[in-house]
Amino acid sequence: MNIRVALAGNPNSGKTTLFNTLTGSNQFVGNWPGVTVERKTGKLRKHDDVEIVDLPGIYSLSPYTLEEVVARKFLIDEKPEVILNIIDGTNIERNLYLTTQLLELGIPLVLAINMADIVEKNGDIIKLEDLEKELNCPIVEISALKGSGIDEVTNKAIKLANLNQKPNKIFSQDINNILKDFENYLTDIPENEKYWYSIKLFERDEEVLKKLNLNQNQIDEIEEKLSALEDEYDDDTESIITDQRYDFIGKVLNNTYKKQNKGELTLSDKIDRVVTNRWLALPIFALVMFCVYFISVTTVGSWCTDFVNDGVFGDGFFFFGTGREAYEIALEDYDLAQTGIEAFDVAAQDQGLDPASAKTLVTSADLYDEEGNVEEIIPVTYQDYIDYLKVEEPDPSNYGLFIPGVPVLLQNWLESVHCAQWLQSLILDGIVAGVGAVLGFVPQIFVLFFLLAFLESCGYMARVAFVMDRIFRKFGLSGKSFIPMLIGTGCGVPGIMASRTIENERDRRMTIITTTFIPCSAKLPIIALIAGALLGGAWWVAPSAYLIGAFAIVTSGIILKKTKMFAGNPAPFVMELPAYHWPTLSTLFHSMWERGWSFIKKAGTIILLATILIWFLSNFGFENGHFGLVDMDNSILAGIGSLFSFIFIPLGWGTWQATVATITGLIAKENVVGTFGVLFGGFDEVSENGWQIWSNMQAFFTPISAFSFLIFNLLCAPCFAAIGAIRREMNSAKWTWFAIIYQCVFAYIISFIIYQIGSWFFGTGNVIGTIVALILLGLFVYLLFRSESREKPIENKIDLEIG
Amino acid sequence: MKTLKEARVGETVKVKKLHGKGAIKRRIMDMGITKGVDIYIRKVAPLGDPIEVTVRNYELSLRKDDADLIEIE
């Protein structure tokens, strides 16, 4: 016989830890149908016939929040055989509130009082037997962390499955009478569920009213009784019930629970005094954020990512770095020699000499630094030339234990089996590059998720929301949106993934849509290229990119908040600030692994397919009447570029090269620079800011059109990896498309306005374009400042179609 | 009518009545703020909103707008 155990409890009650203890690694993570709320199930250890269903962490079974509706639907419609309700023994009063509601469902329930060890340590006393009698359900003291009491509680749950357990009457006599009365309307409802339905009738629960299909007569009768009672109590029936639940809990605990050390500050209190102190809160917050950023983006995360990108999926790496230094010095010598040879060859050619016999020729070679400045000019004589020719390209394997990267190994193998050129390219530049793009993010994401799991489970994350709420709610975001945005300055992918910590769905969606507006590190080369090539290296270009990013977030937040899709107040911010505690490593690793894996699975597919598609488009085309591998100039992508470049004429850069660069930017934003390198200079490789092609670019861009190009590329759809992350986090194709289209349209409009109006400052203004730009600007300002629609959907119950 | 919004840090107040309706009222009550309960105002966030209170032995934060729905004695 199969038993389904529903694991229910408040957030922060230790539910996740218990679930992990109960199921081990035997878990399946999915989503509840139709919503983005996570659904975790797993087989109970050593019991293959017992399935544990982890309900979302909830405080109540009200019909208002998504998590509560999901939990309620499951309990009512799917009727698990038994409920395992875990409560936090150190916070028993509020935790029992949910218990009183679960007990009414007509499903047998076992109560697990968690953190029993801490309760004991505090000297608090819970009289279990008395409490069992008051609640009429078996109770077990456990410690999910230490694993005590687990077997006992699961055995009790299994024994209890399918048995009948009647809830005690907890309301006042007059209400009990009415509830009894209401059961007469519930002829079709099974006996053990009548009590719950009668309470829902009493609360005027819309969902239940709809389901019961009562006739008008019956509804009038019910309404009459309820109105009379409401007048008597001077409150609505829903609140009367809530009041009485807490009254009941208060009475019960008076007799069964003794709390020691009242008034004395706990360690958690002391920490909180410092951490959310009026003066220290913000500096501490900044410090914590700095640490998160520093570890996940600047140091550990980027070391790991570089290792995967340049080592495993690049040329290769030295085992533990031994020999790397010597190799790099040799490589520098080699580069110097090459520069000298080239300079000598050119000089000889200019004078019509054969370099091999130009014994008297002396010339000089310019050595450039990364930025494109001449660092040093070295003389090159014939003797130097001969010496340089002897310098061989260093072989890394001579300098230490060198492990070649996957592409190198694969290429060698493919060449050894005489694989066709196009197939090699597909495997190396398409598939391996795509897989590398996915896996390159993985270490960083794992590091970030580890840190986020720590912040969440130690209790600081709730304080982040507490500290930042004031600023972010103004533009429809949550205080927790700060972290995705911060991480987004490093990389949008982990940034978007970090939005996972935002409970409220609307806030989360808004955060996902706006996070990639902030320039990530891959966009910096584009900024450097445009600033260097066309804006004379102006200092303000980079700061303006961040400012426009922040501007895009704020204005998008305000504009979207007022649309129908996001209408209404942000969710009520009535949030528990859980006690601080030190999380266990296994909890952190569990959370890290679960979220990291879901990125690989869900986002990986999109990234891989998109990379292969762009590879195909940019490497294939018609040349001399034949279809096949071609240079990018003749590729299908170039054709697509010319076909669609007209779209960007109003933005000032309607050339096919710029269009193609924008498209290749979707693979990774820094590709924009590389693509320009190929298209404007024929360079296979250019330095990060692309200085080699600056002069060529000036023929294609004006300063203002270059700036417009920059802004468009910063704000438009992010790279495929980030789109994959958006898809994963939105968990809906519709919302993913909405996000991408919104970003592109927003980018287009902003670039349009900047180019059209900015052109006047360069004496090239266009009257029609300017009028359109002004109209768009007006529309933008209107959307920004129009009054919010007054309907507050938060007042309405959540309408949710499940299954 | 005095509401929780006006209460000062360090004060302990008793809830007299809850205003508002629907989801927001239910949420406030679900979190344990019901008629007659004692609320201790612990602190105000560094930027002036929200506030942090102790109710039924745990810490709860709520915005001043929502605190305005809670009438106190």
# chains A, B, ... in the order shown; residues from 1 in each chain; ligands from 1

call {"tool": "interface_residues", "arguments": {"of": "chain A", "to": "chain B", "cutoff": "9 Å", "atoms": "only C-alpha atoms", "output": "ChimeraX atom specification"}}
result
/A:59-60,62-65,90-94,97-98,235-236,238-239,242-243,246,276-282,466-471,571-579,794-797

call {"tool": "write_last_selection", "arguments": {"atoms": "N, CA and C atoms", "output": "CSV table (one decimal), in the first residue's frame"}}
result
chain,number,residue,atom,x,y,z
A,59,TYR,N,2.3,29.9,6.6
A,59,TYR,CA,1.9,30.3,8.0
A,59,TYR,C,0.5,29.9,8.2
A,60,SER,N,-0.3,29.7,7.1
A,60,SER,CA,-1.7,29.6,7.3
A,60,SER,C,-2.2,28.9,6.0
A,62,SER,N,-4.8,30.2,4.2
A,62,SER,CA,-5.7,31.2,3.7
A,62,SER,C,-5.7,31.1,2.2
A,63,PRO,N,-6.7,31.6,1.5
A,63,PRO,CA,-6.8,31.6,0.1
A,63,PRO,C,-6.0,32.7,-0.6
A,64,TYR,N,-5.1,33.4,0.0
A,64,TYR,CA,-4.5,34.6,-0.5
A,64,TYR,C,-3.2,34.5,-1.1
A,65,THR,N,-2.3,33.7,-0.5
A,65,THR,CA,-0.9,33.7,-1.2
A,65,THR,C,-0.8,32.4,-2.0
A,90,THR,N,10.8,26.5,19.6
A,90,THR,CA,11.1,27.8,20.2
A,90,THR,C,10.2,28.9,19.8
A,91,ASN,N,9.2,28.6,19.0
A,91,ASN,CA,8.3,29.6,18.5
A,91,ASN,C,6.9,29.0,18.4
A,92,ILE,N,6.5,28.3,19.5
A,92,ILE,CA,5.5,27.4,19.4
A,92,ILE,C,4.1,28.0,19.2
A,93,GLU,N,3.9,29.2,19.7
A,93,GLU,CA,2.6,29.8,19.6
A,93,GLU,C,2.1,30.1,18.2
A,94,ARG,N,3.0,30.7,17.4
A,94,ARG,CA,2.5,31.0,16.1
A,94,ARG,C,2.5,29.8,15.2
A,97,TYR,N,-0.6,27.8,15.1
A,97,TYR,CA,-1.8,28.4,14.4
A,97,TYR,C,-2.0,27.6,13.1
A,98,LEU,N,-1.0,27.2,12.4
A,98,LEU,CA,-1.2,26.4,11.2
A,98,LEU,C,-1.7,25.0,11.6
A,235,ASP,N,-16.9,42.4,13.8
A,235,ASP,CA,-15.8,42.0,13.0
A,235,ASP,C,-16.3,41.0,11.9
A,236,ASP,N,-15.5,40.8,10.9
A,236,ASP,CA,-15.9,39.9,9.9
A,236,ASP,C,-15.6,38.4,10.3
A,238,GLU,N,-14.2,35.9,9.0
A,238,GLU,CA,-12.8,35.3,8.8
A,238,GLU,C,-11.9,35.7,10.0
A,239,SER,N,-12.1,37.0,10.4
A,239,SER,CA,-11.3,37.5,11.5
A,239,SER,C,-11.7,36.8,12.8
A,242,THR,N,-10.0,33.5,13.0
A,242,THR,CA,-8.5,33.7,13.3
A,242,THR,C,-8.3,34.1,14.8
A,243,ASP,N,-9.1,35.0,15.2
A,243,ASP,CA,-9.0,35.4,16.6
A,243,ASP,C,-9.1,34.2,17.6
A,246,TYR,N,-6.2,31.8,17.8
A,246,TYR,CA,-5.1,32.2,18.6
A,246,TYR,C,-5.5,32.2,20.1
A,276,THR,N,21.1,45.0,12.6
A,276,THR,CA,20.1,45.9,12.0
A,276,THR,C,20.0,47.2,12.9
A,277,ASN,N,21.1,47.5,13.5
A,277,ASN,CA,21.2,48.8,14.2
A,277,ASN,C,21.0,50.0,13.3
A,278,ARG,N,20.4,51.0,13.8
A,278,ARG,CA,20.1,52.1,13.0
A,278,ARG,C,21.3,52.7,12.3
A,279,TRP,N,22.5,52.7,12.9
A,279,TRP,CA,23.6,53.3,12.3
A,279,TRP,C,24.5,52.2,11.6
A,280,LEU,N,24.6,51.0,12.2
A,280,LEU,CA,25.5,50.0,11.7
A,280,LEU,C,24.9,49.2,10.5
A,281,ALA,N,23.5,49.2,10.5
A,281,ALA,CA,22.9,48.3,9.5
A,281,ALA,C,23.4,48.5,8.1
A,282,LEU,N,23.5,49.7,7.6
A,282,LEU,CA,23.9,49.9,6.3
A,282,LEU,C,25.3,49.6,6.0
A,466,PHE,N,14.5,43.6,5.0
A,466,PHE,CA,14.1,44.6,6.0
A,466,PHE,C,14.8,45.9,5.8
A,467,VAL,N,16.1,45.9,5.5
A,467,VAL,CA,16.9,47.1,5.4
A,467,VAL,C,16.7,47.8,4.1
A,468,MET,N,16.5,47.0,3.0
A,468,MET,CA,16.4,47.7,1.7
A,468,MET,C,15.0,47.9,1.2
A,469,ASP,N,14.0,47.4,1.9
A,469,ASP,CA,12.6,47.5,1.5
A,469,ASP,C,12.2,48.9,1.0
A,470,ARG,N,12.6,49.9,1.9
A,470,ARG,CA,12.1,51.2,1.7
A,470,ARG,C,12.5,51.7,0.3
A,471,ILE,N,13.7,51.4,-0.2
A,471,ILE,CA,14.1,52.0,-1.5
A,471,ILE,C,13.4,51.2,-2.6
A,571,ALA,N,3.1,42.8,-2.6
A,571,ALA,CA,2.5,42.0,-1.6
A,571,ALA,C,2.7,42.6,-0.2
A,572,PRO,N,1.7,42.3,0.7
A,572,PRO,CA,1.9,42.9,2.0
A,572,PRO,C,3.2,42.4,2.6
A,573,PHE,N,3.9,43.4,3.1
A,573,PHE,CA,5.3,43.1,3.6
A,573,PHE,C,5.1,42.8,5.1
A,574,VAL,N,4.6,41.7,5.5
A,574,VAL,CA,4.5,41.3,6.9
A,574,VAL,C,5.3,40.1,7.0
A,575,MET,N,6.5,40.2,7.4
A,575,MET,CA,7.5,39.2,7.2
A,575,MET,C,8.2,38.8,8.5
A,576,GLU,N,8.3,37.5,8.7
A,576,GLU,CA,9.0,37.0,9.9
A,576,GLU,C,10.5,37.3,9.8
A,577,LEU,N,11.1,37.8,10.9
A,577,LEU,CA,12.5,37.9,10.9
A,577,LEU,C,13.0,36.7,11.8
A,578,PRO,N,13.4,35.6,11.2
A,578,PRO,CA,13.7,34.4,12.0
A,578,PRO,C,15.0,34.6,12.8
A,579,ALA,N,15.1,33.9,13.9
A,579,ALA,CA,16.2,34.0,14.8
A,579,ALA,C,17.5,33.5,14.0
A,794,ILE,N,-4.7,42.4,-4.7
A,794,ILE,CA,-4.3,41.7,-3.5
A,794,ILE,C,-5.5,41.5,-2.6
A,795,GLU,N,-6.5,42.3,-2.8
A,795,GLU,CA,-7.7,42.2,-2.0
A,795,GLU,C,-8.5,40.9,-2.4
A,796,ASN,N,-8.3,40.6,-3.7
A,796,ASN,CA,-9.0,39.5,-4.2
A,796,ASN,C,-8.3,38.2,-3.9
A,797,LYS,N,-9.1,37.2,-3.8
A,797,LYS,CA,-8.5,35.9,-3.6
A,797,LYS,C,-7.7,35.4,-4.9

call {"tool": "select_by_dssp", "arguments": {"residues": "chain B", "states": "helix (DSSP H, G or I)", "output": "PyMOL selection string"}}
result
chain B and resi 4-6+22-30+64-67

call {"tool": "select_by_dssp", "arguments": {"residues": "range 1-66 of chain B", "states": "strand (DSSP E)", "output": "list in words"}}
result
Lys2, Thr3, Thr12, Val13, Lys14, Val15, Lys16, Lys17, Leu18, Asp38, Ile39, Tyr40, Ile41, Arg42, Lys43, Val44, Ile51, Glu52, Val53, Thr54, Val55, Tyr58, Glu59, Leu60, Ser61 and Leu62 of chain B

call {"tool": "write_last_selection", "arguments": {"atoms": "N, CA and C atoms", "output": "short mmCIF file (atom, residue, chain, number, x, y, z; two decimals), in the first residue's frame"}}
result
data_model
loop_
_atom_site.label_atom_id
_atom_site.label_comp_id
_atom_site.auth_asym_id
_atom_site.auth_seq_id
_atom_site.Cartn_x
_atom_site.Cartn_y
_atom_site.Cartn_z
N LYS B 2 -5.46 55.70 17.77
CA LYS B 2 -4.02 55.54 17.73
C LYS B 2 -3.69 54.21 17.04
N THR B 3 -2.72 54.24 16.15
CA THR B 3 -2.35 53.00 15.48
C THR B 3 -0.91 52.64 15.79
N THR B 12 5.47 48.90 24.61
CA THR B 12 4.67 47.69 24.43
C THR B 12 3.21 48.12 24.39
N VAL B 13 2.51 47.74 23.33
CA VAL B 13 1.13 48.20 23.16
C VAL B 13 0.20 47.01 23.00
N LYS B 14 -1.08 47.25 23.29
CA LYS B 14 -2.09 46.19 23.16
C LYS B 14 -2.96 46.49 21.95
N VAL B 15 -3.24 45.47 21.16
CA VAL B 15 -4.04 45.67 19.95
C VAL B 15 -5.51 45.77 20.32
N LYS B 16 -6.17 46.80 19.77
CA LYS B 16 -7.57 47.02 20.08
C LYS B 16 -8.46 46.52 18.95
N LYS B 17 -8.07 46.82 17.74
CA LYS B 17 -8.91 46.44 16.60
C LYS B 17 -8.07 46.44 15.34
N LEU B 18 -8.48 45.61 14.39
CA LEU B 18 -7.77 45.59 13.11
C LEU B 18 -8.65 46.16 12.03
N ASP B 38 -0.27 41.59 22.89
CA ASP B 38 0.73 42.62 23.19
C ASP B 38 1.77 42.68 22.08
N ILE B 39 2.12 43.90 21.69
CA ILE B 39 3.17 44.07 20.68
C ILE B 39 4.26 44.96 21.25
N TYR B 40 5.48 44.50 21.15
CA TYR B 40 6.63 45.30 21.60
C TYR B 40 7.33 45.85 20.35
N ILE B 41 7.52 47.15 20.30
CA ILE B 41 8.16 47.74 19.11
C ILE B 41 9.67 47.73 19.33
N ARG B 42 10.35 46.91 18.55
CA ARG B 42 11.79 46.74 18.75
C ARG B 42 12.61 47.83 18.10
N LYS B 43 12.37 48.05 16.81
CA LYS B 43 13.17 49.07 16.13
C LYS B 43 12.57 49.47 14.80
N VAL B 44 13.12 50.52 14.26
CA VAL B 44 12.73 50.99 12.94
C VAL B 44 13.92 50.72 12.03
N ILE B 51 9.10 48.62 10.24
CA ILE B 51 9.43 48.51 11.65
C ILE B 51 9.54 47.04 12.04
N GLU B 52 10.22 46.79 13.14
CA GLU B 52 10.34 45.42 13.63
C GLU B 52 9.69 45.36 15.01
N VAL B 53 8.81 44.37 15.19
CA VAL B 53 8.11 44.22 16.47
C VAL B 53 8.28 42.79 16.98
N THR B 54 8.05 42.63 18.27
CA THR B 54 7.98 41.29 18.83
C THR B 54 6.52 41.01 19.15
N VAL B 55 6.01 39.92 18.62
CA VAL B 55 4.64 39.53 18.92
C VAL B 55 4.62 38.02 19.09
N TYR B 58 8.03 36.12 18.85
CA TYR B 58 8.92 36.07 17.69
C TYR B 58 8.98 37.46 17.05
N GLU B 59 9.93 37.62 16.13
CA GLU B 59 10.15 38.92 15.51
C GLU B 59 9.45 39.01 14.17
N LEU B 60 8.78 40.13 13.99
CA LEU B 60 8.01 40.33 12.78
C LEU B 60 8.33 41.72 12.25
N SER B 61 8.46 41.84 10.93
CA SER B 61 8.64 43.18 10.39
C SER B 61 7.43 43.53 9.54
N LEU B 62 7.01 44.76 9.63
CA LEU B 62 5.91 45.19 8.79
C LEU B 62 6.06 46.66 8.44
#

call {"tool": "atom_distance", "arguments": {"atom1": "CA of Leu776 in chain A", "atom2": "CA of Ile512 in chain A"}}
result
24.9 Å

call {"tool": "atom_distance", "arguments": {"atom1": "CA of Phe620 in chain A", "atom2": "CA of Ser687 in chain A"}}
result
25.8 Å

call {"tool": "residues_around", "arguments": {"residues": "Trp691 in chain A", "least_positions_apart": "5", "cutoff": "12 Å", "atoms": "only C-alpha atoms", "output": "PDB file with C-alpha atoms, in the first residue's frame"}}
result
ATOM      1  CA  TYR A 368      51.687  47.760 -27.943  1.00  0.00           C
ATOM      2  CA  ASP A 369      50.094  47.263 -24.564  1.00  0.00           C
ATOM      3  CA  GLU A 370      46.575  45.928 -24.007  1.00  0.00           C
ATOM      4  CA  GLU A 371      45.029  49.360 -24.467  1.00  0.00           C
ATOM      5  CA  GLY A 372      46.627  49.924 -27.862  1.00  0.00           C
ATOM      6  CA  ASN A 373      49.197  52.456 -26.691  1.00  0.00           C
ATOM      7  CA  VAL A 374      52.757  52.158 -27.954  1.00  0.00           C
ATOM      8  CA  PRO A 525      34.615  45.462 -23.693  1.00  0.00           C
ATOM      9  CA  ILE A 526      31.797  46.958 -25.776  1.00  0.00           C
ATOM     10  CA  ALA A 528      35.700  50.246 -24.005  1.00  0.00           C
ATOM     11  CA  LEU A 529      35.506  49.748 -27.764  1.00  0.00           C
ATOM     12  CA  ILE A 530      32.890  52.432 -28.363  1.00  0.00           C
ATOM     13  CA  ALA A 531      34.462  54.874 -25.930  1.00  0.00           C
ATOM     14  CA  GLY A 532      37.893  54.384 -27.489  1.00  0.00           C
ATOM     15  CA  ALA A 533      36.934  54.270 -31.139  1.00  0.00           C
ATOM     16  CA  LEU A 534      34.416  57.070 -31.355  1.00  0.00           C
ATOM     17  CA  GLY A 536      37.869  59.801 -27.771  1.00  0.00           C
ATOM     18  CA  GLY A 537      38.133  57.579 -24.704  1.00  0.00           C
ATOM     19  CA  VAL A 673      34.046  43.368 -30.211  1.00  0.00           C
ATOM     20  CA  GLY A 674      35.365  40.184 -31.818  1.00  0.00           C
ATOM     21  CA  PHE A 676      33.747  43.967 -35.362  1.00  0.00           C
ATOM     22  CA  GLY A 677      37.351  42.813 -35.402  1.00  0.00           C
ATOM     23  CA  PHE A 680      36.031  45.913 -39.892  1.00  0.00           C
ATOM     24  CA  GLY A 681      39.613  44.773 -39.988  1.00  0.00           C
ATOM     25  CA  PHE A 683      41.444  40.401 -37.581  1.00  0.00           C
ATOM     26  CA  GLU A 685      41.569  38.228 -32.783  1.00  0.00           C
ATOM     27  CA  VAL A 686      41.557  41.734 -31.364  1.00  0.00           C
ATOM     28  CA  ASN A 696      38.137  51.658 -39.508  1.00  0.00           C
ATOM     29  CA  MET A 697      35.067  51.982 -37.348  1.00  0.00           C
ATOM     30  CA  GLN A 698      35.032  55.729 -37.647  1.00  0.00           C
TER      31      GLN A 698
END

call {"tool": "atom_distance", "arguments": {"atom1": "CA of Asn634 in chain A", "atom2": "CA of Thr611 in chain A"}}
result
19.1 Å

call {"tool": "residues_around", "arguments": {"residues": "range 139-145 of chain A", "least_positions_apart": "2", "cutoff": "8 Å", "atoms": "only C-alpha atoms", "output": "ChimeraX atom specification"}}
result
/A:14,17-18,21,110-117,128,132,137,147-150,152-153,584

call {"tool": "residues_around", "arguments": {"residues": "Leu109 in chain A", "least_positions_apart": "6", "cutoff": "6 Å", "atoms": "only C-alpha atoms", "output": "ChimeraX atom specification"}}
result
/A:82-84

call {"tool": "write_last_selection", "arguments": {"atoms": "C-alpha atoms", "output": "compact mmCIF listing (two decimals), in the first residue's frame"}}
result
# COMPACT_ATOMS: atom_id res chain seq x y z
CA VAL A 82 -1.33 11.56 6.59
CA ILE A 83 0.09 14.99 7.44
CA LEU A 84 3.41 15.39 9.19

call {"tool": "closest_residue", "arguments": {"among": "A:Phe616, A:Phe402, A:Tyr385, A:Phe450", "to": "Val292 in chain A", "atoms": "only C-alpha atoms"}}
result
A:Phe450
